[in-house]
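Colleague: Below is the file query02.cif, with mmCIF, C-alpha atoms.
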data_final
#
loop_
_atom_site.group_PDB
_atom_site.id
_atom_site.type_symbol
_atom_site.label_atom_id
_atom_site.label_comp_id
_atom_site.auth_asym_id
_atom_site.auth_seq_id
_atom_site.Cartn_x
_atom_site.Cartn_y
_atom_site.Cartn_z
ATOM 1 C CA MET H 1 11.005 -121.345 4.588
ATOM 2 C CA SER H 2 7.835 -121.631 6.670
ATOM 3 C CA SER H 3 4.385 -121.425 5.163
ATOM 4 C CA LYS H 4 3.912 -118.015 6.824
ATOM 5 C CA ASP H 5 7.040 -116.674 5.100
ATOM 6 C CA GLU H 6 5.909 -118.164 1.794
ATOM 7 C CA ILE H 7 2.526 -116.451 2.077
ATOM 8 C CA LEU H 8 4.083 -113.074 2.927
ATOM 9 C CA THR H 9 6.572 -113.404 0.050
ATOM 10 C CA ALA H 10 3.743 -114.214 -2.363
ATOM 11 C CA ILE H 11 1.778 -111.169 -1.175
ATOM 12 C CA ARG H 12 4.790 -108.898 -1.634
ATOM 13 C CA GLN H 13 5.454 -110.255 -5.142
ATOM 14 C CA ASN H 14 1.848 -109.817 -6.231
ATOM 15 C CA THR H 15 1.274 -106.376 -4.787
ATOM 16 C CA VAL H 16 0.704 -104.103 -7.750
ATOM 17 C CA GLN H 17 0.188 -100.746 -6.095
ATOM 18 C CA ARG H 18 1.653 -99.475 -2.850
ATOM 19 C CA TYR H 19 0.321 -96.555 -0.892
ATOM 20 C CA GLU H 20 2.347 -94.066 1.089
ATOM 21 C CA TYR H 21 0.603 -92.813 4.171
ATOM 22 C CA PRO H 22 0.986 -89.180 5.165
ATOM 23 C CA ASP H 23 2.330 -88.240 8.566
ATOM 24 C CA TRP H 24 -0.641 -88.014 10.863
ATOM 25 C CA GLU H 25 -0.935 -84.911 12.952
ATOM 26 C CA ILE H 26 -3.138 -85.343 15.969
ATOM 27 C CA LYS H 27 -4.744 -82.100 17.040
ATOM 28 C CA ALA H 28 -5.670 -82.750 20.624
ATOM 29 C CA THR H 29 -7.980 -80.540 22.602
ATOM 30 C CA VAL H 30 -6.442 -77.812 24.740
ATOM 31 C CA TYR H 31 -8.243 -75.748 27.361
ATOM 32 C CA PRO H 32 -7.804 -72.065 28.161
ATOM 33 C CA ASP H 33 -8.011 -72.849 31.902
ATOM 34 C CA LYS H 34 -6.836 -76.353 32.813
ATOM 35 C CA ILE H 35 -7.682 -75.959 36.503
ATOM 36 C CA SER H 36 -11.308 -74.950 35.890
ATOM 37 C CA ARG H 37 -11.755 -77.718 33.314
ATOM 38 C CA PHE H 38 -10.237 -80.321 35.657
ATOM 39 C CA CYS H 39 -12.562 -79.268 38.505
ATOM 40 C CA GLU H 40 -15.606 -79.282 36.209
ATOM 41 C CA ILE H 41 -14.878 -82.737 34.798
ATOM 42 C CA SER H 42 -14.046 -84.142 38.247
ATOM 43 C CA GLN H 43 -17.542 -83.238 39.376
ATOM 44 C CA PHE H 44 -19.051 -84.592 36.138
ATOM 45 C CA VAL H 45 -17.495 -88.036 36.770
ATOM 46 C CA GLY H 46 -18.812 -88.126 40.341
ATOM 47 C CA GLY H 47 -15.822 -86.800 42.240
ATOM 48 C CA LYS H 48 -14.797 -83.402 43.473
ATOM 49 C CA ALA H 49 -11.751 -81.220 43.009
ATOM 50 C CA VAL H 50 -10.926 -78.221 45.180
ATOM 51 C CA VAL H 51 -8.160 -75.681 44.881
ATOM 52 C CA LEU H 52 -6.278 -75.181 48.143
ATOM 53 C CA GLN H 53 -6.123 -71.486 48.906
ATOM 54 C CA GLU H 54 -2.984 -69.886 50.325
ATOM 55 C CA ALA H 55 -4.291 -69.500 53.882
ATOM 56 C CA GLU H 56 -5.930 -72.940 54.040
ATOM 57 C CA ASP H 57 -4.538 -75.998 55.811
ATOM 58 C CA ILE H 58 -4.834 -79.181 53.773
ATOM 59 C CA ASN H 59 -5.669 -81.149 56.931
ATOM 60 C CA ASP H 60 -8.649 -78.873 57.639
ATOM 61 C CA ILE H 61 -9.921 -79.476 54.085
ATOM 62 C CA ILE H 62 -9.698 -83.251 54.589
ATOM 63 C CA ARG H 63 -11.422 -83.103 57.979
ATOM 64 C CA SER H 64 -14.198 -80.840 56.659
ATOM 65 C CA HIS H 65 -14.978 -83.234 53.805
ATOM 66 C CA PHE H 66 -14.787 -86.370 55.972
ATOM 67 C CA PRO H 67 -15.763 -85.310 59.519
ATOM 68 C CA LYS H 68 -16.760 -88.843 60.604
ATOM 69 C CA ALA H 69 -13.532 -90.505 59.421
ATOM 70 C CA ARG H 70 -11.790 -92.344 62.220
ATOM 71 C CA LYS H 71 -9.099 -94.190 60.275
ATOM 72 C CA ILE H 72 -7.148 -91.935 57.889
ATOM 73 C CA ALA H 73 -4.137 -93.426 56.135
ATOM 74 C CA SER H 74 -1.333 -91.453 54.530
ATOM 75 C CA GLN H 75 2.416 -91.609 54.041
ATOM 76 C CA MET H 76 2.589 -87.896 53.217
ATOM 77 C CA GLU H 77 4.409 -85.911 55.916
ATOM 78 C CA GLU H 78 2.130 -82.866 55.546
ATOM 79 C CA ILE H 79 -0.962 -84.947 56.334
ATOM 80 C CA THR H 80 -0.962 -84.621 60.100
ATOM 81 C CA CYS H 81 -4.599 -85.736 60.423
ATOM 82 C CA ALA H 82 -3.521 -89.259 59.387
ATOM 83 C CA THR H 83 -4.126 -91.827 62.103
ATOM 84 C CA ILE H 84 -2.029 -94.542 60.441
ATOM 85 C CA ARG H 85 1.033 -94.650 58.216
ATOM 86 C CA PRO H 86 0.199 -97.495 55.820
ATOM 87 C CA ASP H 87 3.804 -98.422 55.055
ATOM 88 C CA THR H 88 4.201 -99.546 58.665
ATOM 89 C CA LEU H 89 1.607 -102.279 58.135
ATOM 90 C CA ALA H 90 2.919 -105.752 57.356
ATOM 91 C CA GLU H 91 -0.039 -106.914 55.252
ATOM 92 C CA ALA H 92 -2.397 -105.081 52.904
ATOM 93 C CA GLN H 93 -5.349 -106.751 54.670
ATOM 94 C CA GLU H 94 -4.677 -104.488 57.651
ATOM 95 C CA LEU H 95 -5.932 -101.585 55.526
ATOM 96 C CA ASP H 96 -9.451 -103.022 55.565
ATOM 97 C CA GLY H 97 -11.758 -100.633 57.377
ATOM 98 C CA THR H 98 -9.770 -97.544 56.409
ATOM 99 C CA ASP H 99 -12.136 -94.620 55.972
ATOM 100 C CA VAL H 100 -9.887 -92.257 54.027
ATOM 101 C CA ALA H 101 -6.564 -92.605 52.233
ATOM 102 C CA VAL H 102 -4.614 -89.494 51.291
ATOM 103 C CA VAL H 103 -2.161 -90.118 48.453
ATOM 104 C CA GLU H 104 -0.066 -88.028 46.120
ATOM 105 C CA GLY H 105 -0.785 -87.842 42.416
ATOM 106 C CA ALA H 106 1.954 -87.211 39.842
ATOM 107 C CA PHE H 107 -0.110 -85.254 37.296
ATOM 108 C CA GLY H 108 -3.710 -84.699 36.287
ATOM 109 C CA VAL H 109 -5.563 -84.530 32.969
ATOM 110 C CA ALA H 110 -7.993 -81.654 32.355
ATOM 111 C CA GLU H 111 -9.745 -83.539 29.543
ATOM 112 C CA ASN H 112 -11.159 -86.298 31.757
ATOM 113 C CA GLY H 113 -10.322 -85.475 35.376
ATOM 114 C CA ALA H 114 -7.919 -88.417 35.615
ATOM 115 C CA VAL H 115 -4.891 -88.379 37.908
ATOM 116 C CA TRP H 116 -1.814 -90.549 37.334
ATOM 117 C CA ILE H 117 -0.855 -92.245 40.588
ATOM 118 C CA PRO H 118 2.419 -94.143 40.530
ATOM 119 C CA GLN H 119 2.804 -96.626 43.360
ATOM 120 C CA ASN H 120 4.634 -94.764 46.075
ATOM 121 C CA VAL H 121 3.245 -96.762 48.985
ATOM 122 C CA LYS H 122 4.041 -100.284 50.143
ATOM 123 C CA HIS H 123 0.565 -101.725 49.493
ATOM 124 C CA LYS H 124 -1.171 -100.644 46.273
ATOM 125 C CA ALA H 125 -4.433 -101.899 47.801
ATOM 126 C CA LEU H 126 -4.499 -98.558 49.623
ATOM 127 C CA TYR H 127 -5.760 -96.911 46.414
ATOM 128 C CA PHE H 128 -8.777 -99.224 46.167
ATOM 129 C CA ILE H 129 -9.758 -100.626 49.572
ATOM 130 C CA VAL H 130 -10.729 -97.353 51.256
ATOM 131 C CA GLU H 131 -14.151 -95.740 51.401
ATOM 132 C CA ALA H 132 -12.809 -92.339 50.343
ATOM 133 C CA LEU H 133 -9.697 -91.471 48.361
ATOM 134 C CA VAL H 134 -8.090 -88.042 48.611
ATOM 135 C CA ILE H 135 -5.518 -87.275 45.950
ATOM 136 C CA VAL H 136 -3.161 -84.361 46.549
ATOM 137 C CA LEU H 137 -1.937 -82.884 43.283
ATOM 138 C CA ASP H 138 0.218 -79.932 42.341
ATOM 139 C CA ARG H 139 -2.056 -77.648 40.303
ATOM 140 C CA HIS H 140 0.869 -76.842 37.991
ATOM 141 C CA SER H 141 1.138 -80.510 37.000
ATOM 142 C CA LEU H 142 -2.104 -80.539 35.001
ATOM 143 C CA VAL H 143 -1.922 -81.384 31.298
ATOM 144 C CA HIS H 144 -4.612 -80.741 28.720
ATOM 145 C CA ASN H 145 -5.303 -84.242 27.384
ATOM 146 C CA MET H 146 -4.398 -87.926 27.450
ATOM 147 C CA GLN H 147 -1.906 -87.551 24.584
ATOM 148 C CA GLU H 148 0.144 -85.209 26.768
ATOM 149 C CA ALA H 149 -0.327 -87.534 29.737
ATOM 150 C CA TYR H 150 1.035 -90.557 27.903
ATOM 151 C CA GLU H 151 3.989 -88.532 26.654
ATOM 152 C CA LEU H 152 4.906 -87.917 30.301
ATOM 153 C CA LEU H 153 4.960 -91.674 30.915
ATOM 154 C CA VAL H 154 7.342 -92.516 28.070
ATOM 155 C CA GLY H 155 10.511 -94.015 29.510
ATOM 156 C CA GLN H 156 9.180 -94.071 33.073
ATOM 157 C CA THR H 157 9.131 -97.287 35.061
ATOM 158 C CA TYR H 158 6.898 -97.957 38.046
ATOM 159 C CA PRO H 159 6.148 -101.153 39.939
ATOM 160 C CA PHE H 160 2.490 -100.139 39.533
ATOM 161 C CA GLY H 161 0.616 -97.062 38.381
ATOM 162 C CA THR H 162 -2.967 -96.187 37.568
ATOM 163 C CA PHE H 163 -5.134 -93.376 36.300
ATOM 164 C CA ILE H 164 -8.021 -92.620 38.653
ATOM 165 C CA SER H 165 -10.866 -90.326 37.641
ATOM 166 C CA GLY H 166 -13.502 -89.887 40.311
ATOM 167 C CA PRO H 167 -14.895 -92.620 42.530
ATOM 168 C CA SER H 168 -15.148 -96.219 41.423
ATOM 169 C CA LYS H 169 -18.369 -96.868 39.565
ATOM 170 C CA THR H 170 -19.900 -99.508 37.336
ATOM 171 C CA ALA H 171 -23.234 -100.129 35.669
ATOM 172 C CA ASP H 172 -22.478 -103.475 34.068
ATOM 173 C CA ILE H 173 -24.916 -105.470 36.190
ATOM 174 C CA GLU H 174 -28.504 -104.865 35.070
ATOM 175 C CA GLN H 175 -27.383 -101.343 34.096
ATOM 176 C CA ALA H 176 -27.737 -100.130 37.673
ATOM 177 C CA LEU H 177 -25.062 -97.651 38.740
ATOM 178 C CA VAL H 178 -23.045 -98.953 41.679
ATOM 179 C CA MET H 179 -20.518 -96.704 43.415
ATOM 180 C CA GLY H 180 -17.449 -98.206 45.052
ATOM 181 C CA ALA H 181 -17.635 -101.597 43.379
ATOM 182 C CA HIS H 182 -13.915 -101.688 42.532
ATOM 183 C CA GLY H 183 -12.492 -98.907 44.664
ATOM 184 C CA ALA H 184 -13.332 -95.852 46.703
ATOM 185 C CA CYS H 185 -16.942 -94.636 46.898
ATOM 186 C CA THR H 186 -15.770 -91.019 47.111
ATOM 187 C CA CYS H 187 -12.849 -89.258 45.454
ATOM 188 C CA LEU H 188 -11.595 -85.782 46.311
ATOM 189 C CA VAL H 189 -8.681 -84.146 44.512
ATOM 190 C CA ILE H 190 -6.972 -81.293 46.329
ATOM 191 C CA LEU H 191 -5.027 -79.059 43.963
ATOM 192 C CA LYS H 192 -2.306 -77.345 45.939
#
In structure tokens, write the structure found in this file.

Modeller:
Amino acid sequence: MSSKDEILTAIRQNTVQRYEYPDWEIKATVYPDKISRFCEISQFVGGKAVVLQEAEDINDIIRSHFPKARKIASQMEEITCATIRPDTLAEAQELDGTDVAVVEGAFGVAENGAVWIPQNVKHKALYFIVEALVIVLDRHSLVHNMQEAYELLVGQTYPFGTFISGPSKTADIEQALVMGAHGACTCLVILK
């Protein structure tokens, strides 16, 4: 028997009173209107969320928000304003200089404006190397809170996935806020 086993056995033998812990019930926050809450929090964290109206074209929304963008990357068929299809590129370095990437999110979280993005492109650098990130998300895929979000991930496997909430930002150097330090400087979520 190892010394670790001996110590644990001694603890068990000398434990006089044992406590039973009750089942914990986590009461997570829910919102009466997940879409409004998601849009509000997206703005609060420095991003923007818009709800695509029935008569609107998603490509017009992208162009109106990024009129100076010359290099727009997307693998999504409906994104006809894309100038490059990133999965055709051999190396992730070829994405450098991309103005806007349009990607699809799996679900969003009203509590914090985060969107789960599983890797569905060849180069995951696409999510971080661009100046502006546009995430297209089904408005019916919003959940209230992170507890619900993590429940959706149970049993799922992805080569890579990340939660993104707004643009990249940090204030860890001299407490000065820097946008785009680790990813996109601008983040727009389009709820369709």

Colleague: I'd like the residues picked by the PyMOL selection byres ((chain H and resi 111-119) around 8) written out as a PyMOL selection string, using the chain letters and numbers from the file.

Modeller: chain H and resi 29+37-39+41-42+45+104-110+120-122+124+144-146+158-166

Colleague: Go ahead and write the residues just picked, C-alpha atoms, as a short mmCIF file (atom, residue, chain, number, x, y, z; two decimals), in the frame of the given file.

Modeller:
data_model
loop_
_atom_site.label_atom_id
_atom_site.label_comp_id
_atom_site.auth_asym_id
_atom_site.auth_seq_id
_atom_site.Cartn_x
_atom_site.Cartn_y
_atom_site.Cartn_z
CA THR H 29 -7.98 -80.54 22.60
CA ARG H 37 -11.76 -77.72 33.31
CA PHE H 38 -10.24 -80.32 35.66
CA CYS H 39 -12.56 -79.27 38.51
CA ILE H 41 -14.88 -82.74 34.80
CA SER H 42 -14.05 -84.14 38.25
CA VAL H 45 -17.50 -88.04 36.77
CA GLU H 104 -0.07 -88.03 46.12
CA GLY H 105 -0.78 -87.84 42.42
CA ALA H 106 1.95 -87.21 39.84
CA PHE H 107 -0.11 -85.25 37.30
CA GLY H 108 -3.71 -84.70 36.29
CA VAL H 109 -5.56 -84.53 32.97
CA ALA H 110 -7.99 -81.65 32.35
CA ASN H 120 4.63 -94.76 46.08
CA VAL H 121 3.24 -96.76 48.98
CA LYS H 122 4.04 -100.28 50.14
CA LYS H 124 -1.17 -100.64 46.27
CA HIS H 144 -4.61 -80.74 28.72
CA ASN H 145 -5.30 -84.24 27.38
CA MET H 146 -4.40 -87.93 27.45
CA TYR H 158 6.90 -97.96 38.05
CA PRO H 159 6.15 -101.15 39.94
CA PHE H 160 2.49 -100.14 39.53
CA GLY H 161 0.62 -97.06 38.38
CA THR H 162 -2.97 -96.19 37.57
CA PHE H 163 -5.13 -93.38 36.30
CA ILE H 164 -8.02 -92.62 38.65
CA SER H 165 -10.87 -90.33 37.64
CA GLY H 166 -13.50 -89.89 40.31
#

Colleague: Using the chain letters and numbers from the file, give me the residues hit by the PyMOL selection byres ((chain H and resi 80-93) around 8), as a list in words.

Modeller: Asn59, Arg63, Arg70, Lys71, Ile72, Ala73, Ser74, Gln75, Glu77, Glu78, Ile79, Glu94, Leu95, Asp96, Val121, Lys122, His123, Ala125 and Leu126 of chain H

Colleague: Quick one, how far is CA of Val50 in chain H from CA of Ala28 in chain H?

Modeller: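 Those two atoms sit 25.5 Å apart.
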
Colleague: If you measure from CA of Cys187 in chain H to CA of Glu54 in chain H, what distance in Å do you get, rounded to one decimal?

Modeller: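 Result for CA of Cys187 in chain H versus CA of Glu54 in chain H: 22.3 Å, one decimal.
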
Colleague: Calculated over only C-alpha atoms, which of the candidates H:Glu40, H:Glu174, H:Glu131, H:Glu20 has the smallest distance to Phe66 in chain H?

Modeller: H:Glu131

Colleague: By how many Å are CA of Ala132 in chain H and CA of Gln43 in chain H apart?

Modeller: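 Distance between the two atoms: 15.0 Å.
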
Colleague: Determine the nearest neighbour of Met76 in chain H from the options H:Leu177, H:Ala101, H:Asn14, H:Gly47, counting only C-alpha atoms.

Modeller: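 That would be H:Ala101, the residue with the smallest distance to Met76 in chain H.
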
Colleague: Would you kindly return, as a ChimeraX atom specification, each protein, DNA or RNA residue with an atom no farther than 10 Å from any atom of His140 in chain H, considering only C-alpha atoms and excluding same-chain residues fewer than 2 positions away?

Modeller: /H:34-35,107-108,137-138,142-143,191-192

Colleague: Restricting the calculation to all atoms listed in the file: of H:Val154, H:Val100, H:Val51, H:Val30, which residue gets closest to Ile129 in chain H?

Modeller: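 The shortest atom-to-atom distance to Ile129 in chain H comes from H:Val100.
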
Colleague: For Lys48 in chain H, which residue among H:Ile26, H:Val189, H:Ala10, H:Val136 is the nearest when counting all atoms listed in the file?

Modeller: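 Ranked by minimum distance to Lys48 in chain H, first place goes to H:Val189.
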
Colleague: Determine the nearest neighbour of Gly183 in chain H from the options H:Glu148, H:Gly155, H:Ser3, H:Tyr127, counting only C-alpha atoms.

Modeller: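 Counting only C-alpha atoms, the residue closest to Gly183 in chain H is H:Tyr127.
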